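A.B. asks: There's a structure below that I have some questions on.
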Amino acid sequence: MIPVSDPPHASSAPDTAVDENRLEELINEAQTALPVELPALANRCASSLGLDTALIYLVDLQQQQLIPLDEALEPLPVDRSSAGWAYRTVSPQVAEADDGLILWMPLVDGAERLGVLAVRTASLDGVRMRRSRMLAHLFAMLITSKRAYSDWLAARTRTATMRLPAEMLRAFLPPRTIGSSRCVSTAVLEPAYDIAGNAFDHSVAKNILHTMILDAMGHDLTAGLTTSVAMAAARNARRGGGDLADVVGSVDQALAQWLPDHFCTGVLCRLDAETGVLRWVNCGHPPPLLIRAERVLAGSLDSPPQPPIGLAGSLAPEARQVHEATLEPGDCVLLYTDGVVEARDADGAEFGLDRFTDFIIRSSSAGQRPAEVLRLLIHAILDYQRNQLRDDVTILLFEWRPQHR
């Protein structure tokens, strides 16, 4: 396994000349290709670029395996393969093969890791490297555009049967990771196929990052419906131009009107990625945690308790308190549900807040990207509780990095 950067630039040799008309035909074909046709299309595109073959692998729902779209092939482990290394580090890797080389290219949509592209080539130079990267970019966009309506792509990335509450809730969830040049937000949740009352949301509007974590009462279809209504109400208010207080108020009203006997706790945040000003509302939920310079600033984002979201009648709060703080470049903010720290090992010992934050600090200081930090963390929590979670676990981490312009 050899990490690679671009080889020295080289002019196109005769054997790497591109038939631009053929390539244009293939790109046009890609617009209407069915998702199941993408593996064959990838091979034809690779051939037109002077490469041998290209195989698409998508990461499974729990980010443990890379699943080939070619159904005749076997999955590859994320943690113990060259392909997995490319996925984890978001960098190309080269591995030797019997008939040449395999170049593993990460498939990335913005900040979201989708999987990897395996490009076979007899040799590697600057031209082939650039074309492999172009091919990976093209198929990342194609997969992103087609997976929104493809049951086949969704099914390929599942390794277990999904229960109905999880199916409903996952239809509302955004990508695991979003970001811009100034901020990134990433999230994980488990049990992947049995989640019900937990959810996260994040979006970017111009220079504003919106994040939210929710934990509904119960663990059934109604709990999933509660968080789904809450997410829809929050998005509706945001897209209508409402400020943070308006968003929380809209969620309160929606739940009180449509599900009057159900409520959820949650934290809603609004980060100005230009100034670092963070505004948040905490509705009966564990407080956000601020990590700065590899340590937790205890209590820095604590706030007076407020009732959960969706309480009706005399229990409803008159007005929500919006709190404000100013982040420093490189600050990370953690939102989490109580299932994170309450996970217990065989002896009954809790995973705990200190272990939780220490894991994130150590992984981040080792150079792991935020999405990889949470992937490793959620697997550590699952291992700690022997894959038998007593409660849903959801974690959202966002980082302000204005220096990355």
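In the structure tokens, chains take letters A, B, ... by order of appearance, with residues numbered from 1 within each chain and ligands from 1 in the order shown.
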DSSP on the backbone, strand (DSSP E or B) only: what residues of region 236-350 of chain A does that give? Format it as a ChimeraX atom specification.
C.D. replies: /A:264-272,277-283,289-292,295-296,309,323-326,332-336,344,350
A.B. asks: Could you write out, as a PyMOL selection string, all the residues of region 44-109 of chain A that DSSP marks as alpha helix (DSSP H)?
C.D. replies: chain A and resi 44-48+82-89
A.B. asks: Those same residues, written as an mmCIF file, in the first residue's frame with all heavy atoms?
C.D. replies:
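Contents of the output file part.cif:
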data_model
loop_
_atom_site.group_PDB
_atom_site.id
_atom_site.type_symbol
_atom_site.label_atom_id
_atom_site.label_comp_id
_atom_site.auth_asym_id
_atom_site.auth_seq_id
_atom_site.Cartn_x
_atom_site.Cartn_y
_atom_site.Cartn_z
ATOM 1 N N ARG A 44 -16.257 1.555 -19.197
ATOM 2 C CA ARG A 44 -16.156 2.166 -20.521
ATOM 3 C C ARG A 44 -15.494 3.533 -20.446
ATOM 4 O O ARG A 44 -14.697 3.895 -21.311
ATOM 5 C CB ARG A 44 -17.551 2.267 -21.155
ATOM 6 C CG ARG A 44 -18.177 0.912 -21.462
ATOM 7 C CD ARG A 44 -19.300 1.029 -22.490
ATOM 8 N NE ARG A 44 -20.419 1.825 -22.018
ATOM 9 C CZ ARG A 44 -21.401 1.354 -21.252
ATOM 10 N NH1 ARG A 44 -21.379 0.083 -20.842
ATOM 11 N NH2 ARG A 44 -22.403 2.117 -20.887
ATOM 12 N N CYS A 45 -15.816 4.301 -19.400
ATOM 13 C CA CYS A 45 -15.173 5.603 -19.220
ATOM 14 C C CYS A 45 -13.670 5.436 -18.964
ATOM 15 O O CYS A 45 -12.851 6.191 -19.495
ATOM 16 C CB CYS A 45 -15.817 6.361 -18.068
ATOM 17 S SG CYS A 45 -17.459 7.022 -18.427
ATOM 18 N N ALA A 46 -13.303 4.452 -18.155
ATOM 19 C CA ALA A 46 -11.891 4.206 -17.879
ATOM 20 C C ALA A 46 -11.146 3.872 -19.167
ATOM 21 O O ALA A 46 -10.046 4.380 -19.425
ATOM 22 C CB ALA A 46 -11.735 3.087 -16.860
ATOM 23 N N SER A 47 -11.732 3.013 -19.973
ATOM 24 C CA SER A 47 -11.090 2.617 -21.231
ATOM 25 C C SER A 47 -10.897 3.816 -22.146
ATOM 26 O O SER A 47 -9.842 3.962 -22.784
ATOM 27 C CB SER A 47 -11.937 1.552 -21.926
ATOM 28 O OG SER A 47 -11.371 1.185 -23.168
ATOM 29 N N SER A 48 -11.882 4.700 -22.211
ATOM 30 C CA SER A 48 -11.771 5.867 -23.086
ATOM 31 C C SER A 48 -10.698 6.835 -22.604
ATOM 32 O O SER A 48 -10.218 7.666 -23.374
ATOM 33 C CB SER A 48 -13.117 6.584 -23.180
ATOM 34 O OG SER A 48 -13.431 7.245 -21.963
ATOM 35 N N SER A 82 -6.306 -1.689 1.501
ATOM 36 C CA SER A 82 -5.833 -0.492 0.793
ATOM 37 C C SER A 82 -7.006 0.401 0.425
ATOM 38 O O SER A 82 -6.918 1.632 0.501
ATOM 39 C CB SER A 82 -5.075 -0.898 -0.470
ATOM 40 O OG SER A 82 -3.949 -1.682 -0.160
ATOM 41 N N ALA A 83 -8.105 -0.229 0.014
ATOM 42 C CA ALA A 83 -9.300 0.542 -0.319
ATOM 43 C C ALA A 83 -9.791 1.320 0.897
ATOM 44 O O ALA A 83 -10.153 2.500 0.810
ATOM 45 C CB ALA A 83 -10.395 -0.395 -0.826
ATOM 46 N N GLY A 84 -9.807 0.645 2.054
ATOM 47 C CA GLY A 84 -10.241 1.303 3.277
ATOM 48 C C GLY A 84 -9.339 2.449 3.678
ATOM 49 O O GLY A 84 -9.801 3.472 4.188
ATOM 50 N N TRP A 85 -8.040 2.279 3.427
ATOM 51 C CA TRP A 85 -7.103 3.373 3.745
ATOM 52 C C TRP A 85 -7.426 4.617 2.930
ATOM 53 O O TRP A 85 -7.415 5.741 3.452
ATOM 54 C CB TRP A 85 -5.670 2.913 3.491
ATOM 55 C CG TRP A 85 -4.657 3.933 3.885
ATOM 56 C CD1 TRP A 85 -4.080 4.885 3.093
ATOM 57 C CD2 TRP A 85 -4.085 4.132 5.184
ATOM 58 N NE1 TRP A 85 -3.207 5.654 3.805
ATOM 59 C CE2 TRP A 85 -3.188 5.210 5.092
ATOM 60 C CE3 TRP A 85 -4.258 3.491 6.413
ATOM 61 C CZ2 TRP A 85 -2.458 5.657 6.190
ATOM 62 C CZ3 TRP A 85 -3.531 3.946 7.505
ATOM 63 C CH2 TRP A 85 -2.642 5.012 7.387
ATOM 64 N N ALA A 86 -7.728 4.414 1.642
ATOM 65 C CA ALA A 86 -8.094 5.550 0.792
ATOM 66 C C ALA A 86 -9.373 6.209 1.299
ATOM 67 O O ALA A 86 -9.494 7.440 1.306
ATOM 68 C CB ALA A 86 -8.258 5.089 -0.651
ATOM 69 N N TYR A 87 -10.329 5.393 1.736
ATOM 70 C CA TYR A 87 -11.579 5.932 2.270
ATOM 71 C C TYR A 87 -11.337 6.696 3.569
ATOM 72 O O TYR A 87 -11.818 7.822 3.735
ATOM 73 C CB TYR A 87 -12.576 4.795 2.517
ATOM 74 C CG TYR A 87 -13.856 5.252 3.180
ATOM 75 C CD1 TYR A 87 -14.876 5.820 2.433
ATOM 76 C CD2 TYR A 87 -14.035 5.132 4.567
ATOM 77 C CE1 TYR A 87 -16.047 6.257 3.037
ATOM 78 C CE2 TYR A 87 -15.204 5.566 5.169
ATOM 79 C CZ TYR A 87 -16.200 6.121 4.399
ATOM 80 O OH TYR A 87 -17.351 6.566 5.004
ATOM 81 N N ARG A 88 -10.583 6.092 4.483
ATOM 82 C CA ARG A 88 -10.386 6.704 5.806
ATOM 83 C C ARG A 88 -9.601 8.009 5.729
ATOM 84 O O ARG A 88 -9.874 8.943 6.479
ATOM 85 C CB ARG A 88 -9.669 5.722 6.740
ATOM 86 C CG ARG A 88 -10.434 4.447 6.999
ATOM 87 C CD ARG A 88 -9.864 3.652 8.170
ATOM 88 N NE ARG A 88 -8.432 3.490 8.123
ATOM 89 C CZ ARG A 88 -7.793 2.487 7.553
ATOM 90 N NH1 ARG A 88 -8.491 1.553 6.910
ATOM 91 N NH2 ARG A 88 -6.483 2.389 7.598
ATOM 92 N N THR A 89 -8.610 8.058 4.862
ATOM 93 C CA THR A 89 -7.727 9.228 4.803
ATOM 94 C C THR A 89 -8.124 10.218 3.715
ATOM 95 O O THR A 89 -7.553 11.310 3.634
ATOM 96 C CB THR A 89 -6.277 8.789 4.549
ATOM 97 O OG1 THR A 89 -6.200 8.124 3.284
ATOM 98 C CG2 THR A 89 -5.790 7.850 5.643
#
A.B. asks: Fewer than 3 positions away in the same chain doesn't count, so skip those; otherwise give me all residues within 12 Å of Leu221 (chain A), counting only C-alpha atoms, as a PyMOL selection string.
C.D. replies: chain A and resi 163-169+194-198+216-218+224-228+262
A.B. asks: Extract, using only C-alpha atoms, all DNA, RNA and protein residues at most 12 Å from Arg355 (chain A), discarding same-chain residues fewer than 5 positions from it, and format them as an mmCIF file with C-alpha atoms, in the first residue's frame.
C.D. replies:
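Below is the file that was written, around.cif:
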data_model
loop_
_atom_site.group_PDB
_atom_site.id
_atom_site.type_symbol
_atom_site.label_atom_id
_atom_site.label_comp_id
_atom_site.auth_asym_id
_atom_site.auth_seq_id
_atom_site.Cartn_x
_atom_site.Cartn_y
_atom_site.Cartn_z
ATOM 1 C CA VAL A 296 -12.763 20.465 26.916
ATOM 2 C CA VAL A 340 -23.411 7.969 24.296
ATOM 3 C CA VAL A 341 -22.189 8.347 27.858
ATOM 4 C CA GLU A 342 -24.627 5.806 29.363
ATOM 5 C CA ALA A 343 -23.396 2.863 27.271
ATOM 6 C CA ALA A 349 -19.324 0.574 33.932
ATOM 7 C CA GLU A 350 -20.513 3.540 31.860
ATOM 8 C CA ILE A 360 -12.270 12.657 20.275
ATOM 9 C CA ILE A 361 -9.338 14.772 21.445
ATOM 10 C CA ARG A 362 -6.813 11.963 20.941
ATOM 11 C CA LEU A 377 -15.780 6.668 18.109
ATOM 12 C CA ALA A 380 -15.602 2.080 20.019
ATOM 13 C CA ILE A 381 -18.960 2.663 21.748
ATOM 14 C CA TYR A 384 -17.758 -1.256 24.575
#
A.B. asks: Excluding Ala140 (chain A) and any residue of its chain fewer than 6 positions from it, enumerate the residues within 8 Å of it, using only C-alpha atoms, and give them as a list in words.
C.D. replies: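 Counting only C-alpha atoms, the residues come to Leu107, Val108, Asp109 and Leu114 of chain A.
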A.B. asks: When distances are computed from only C-alpha atoms, which of A:Leu23, A:Leu389, A:Ala160, A:Leu58 shows the smallest separation from Leu41 (chain A)?
C.D. replies: A:Leu23
A.B. asks: Looking at only C-alpha atoms, which of A:Gln93, A:Thr222, A:Gln63, A:Ser123 is the one that sits closest to Thr157 (chain A)?
C.D. replies: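 Answer, going by the shortest atom-to-atom distance: A:Gln63.
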A.B. asks: Near Glu37 (chain A), counting only C-alpha atoms, which residues have an atom at most 12 Å away, once you skip same-chain residues fewer than 3 positions from it, shown as a list in words?
C.D. replies: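 Returned residues: Glu29, Ala30, Gln31, Thr32, Ala33, Leu34, Ala40, Leu41, Ala42, Asn43, Arg44, Ile56, Leu69, Asp70, Glu71, Phe139, Leu142, Ile143, Lys146, Ser150, Trp152 and Leu153 of chain A.
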A.B. asks: From the options A:His219, A:Arg80, A:His210, A:Arg133, which residue's atoms come nearest to Arg239 (chain A), counting only C-alpha atoms?
C.D. replies: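 Looking at the shortest contact to Arg239 (chain A), the residue is A:His210.
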A.B. asks: When you look at Thr186 (chain A) with a cut-off of 6 Å (counting only C-alpha atoms), what residues show up, excluding the ones that are within fewer than 2 positions of it in the same chain? I need them as a PyMOL selection string.
C.D. replies: chain A and resi 176-177+371+396-397
A.B. asks: For those residues, write N, CA, C and O atoms to a file as a tab-separated table (two decimals), in the first residue's frame.
C.D. replies:
chain	number	residue	atom	x	y	z
A	176	ARG	N	-24.17	12.34	6.04
A	176	ARG	CA	-23.43	12.28	7.32
A	176	ARG	C	-22.54	13.50	7.52
A	176	ARG	O	-22.36	13.96	8.64
A	177	THR	N	-21.96	14.00	6.43
A	177	THR	CA	-20.98	15.08	6.55
A	177	THR	C	-21.29	16.16	5.52
A	177	THR	O	-21.53	15.86	4.35
A	371	ALA	N	-14.95	13.43	10.31
A	371	ALA	CA	-15.81	12.30	9.98
A	371	ALA	C	-15.19	10.98	10.40
A	371	ALA	O	-15.89	10.06	10.85
A	396	LEU	N	-23.02	14.52	16.94
A	396	LEU	CA	-22.75	15.49	15.88
A	396	LEU	C	-21.60	16.37	16.32
A	396	LEU	O	-21.58	16.88	17.45
A	397	LEU	N	-20.64	16.55	15.44
A	397	LEU	CA	-19.46	17.38	15.72
A	397	LEU	C	-19.34	18.42	14.61
A	397	LEU	O	-19.42	18.07	13.43
A.B. asks: Which is closest to Gly249 (chain A) among A:Ser185, A:Ser180, A:Gln321, A:Ser91, if we use only C-alpha atoms?
C.D. replies: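 Result for the nearest residue to Gly249 (chain A): A:Gln321.
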A.B. asks: So, counting only C-alpha atoms, which residue among A:Val59, A:Leu315, A:Ala223, A:Val204 is closest to Ala256 (chain A)?
C.D. replies: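 For Ala256 (chain A), the nearest of the given residues is A:Leu315.
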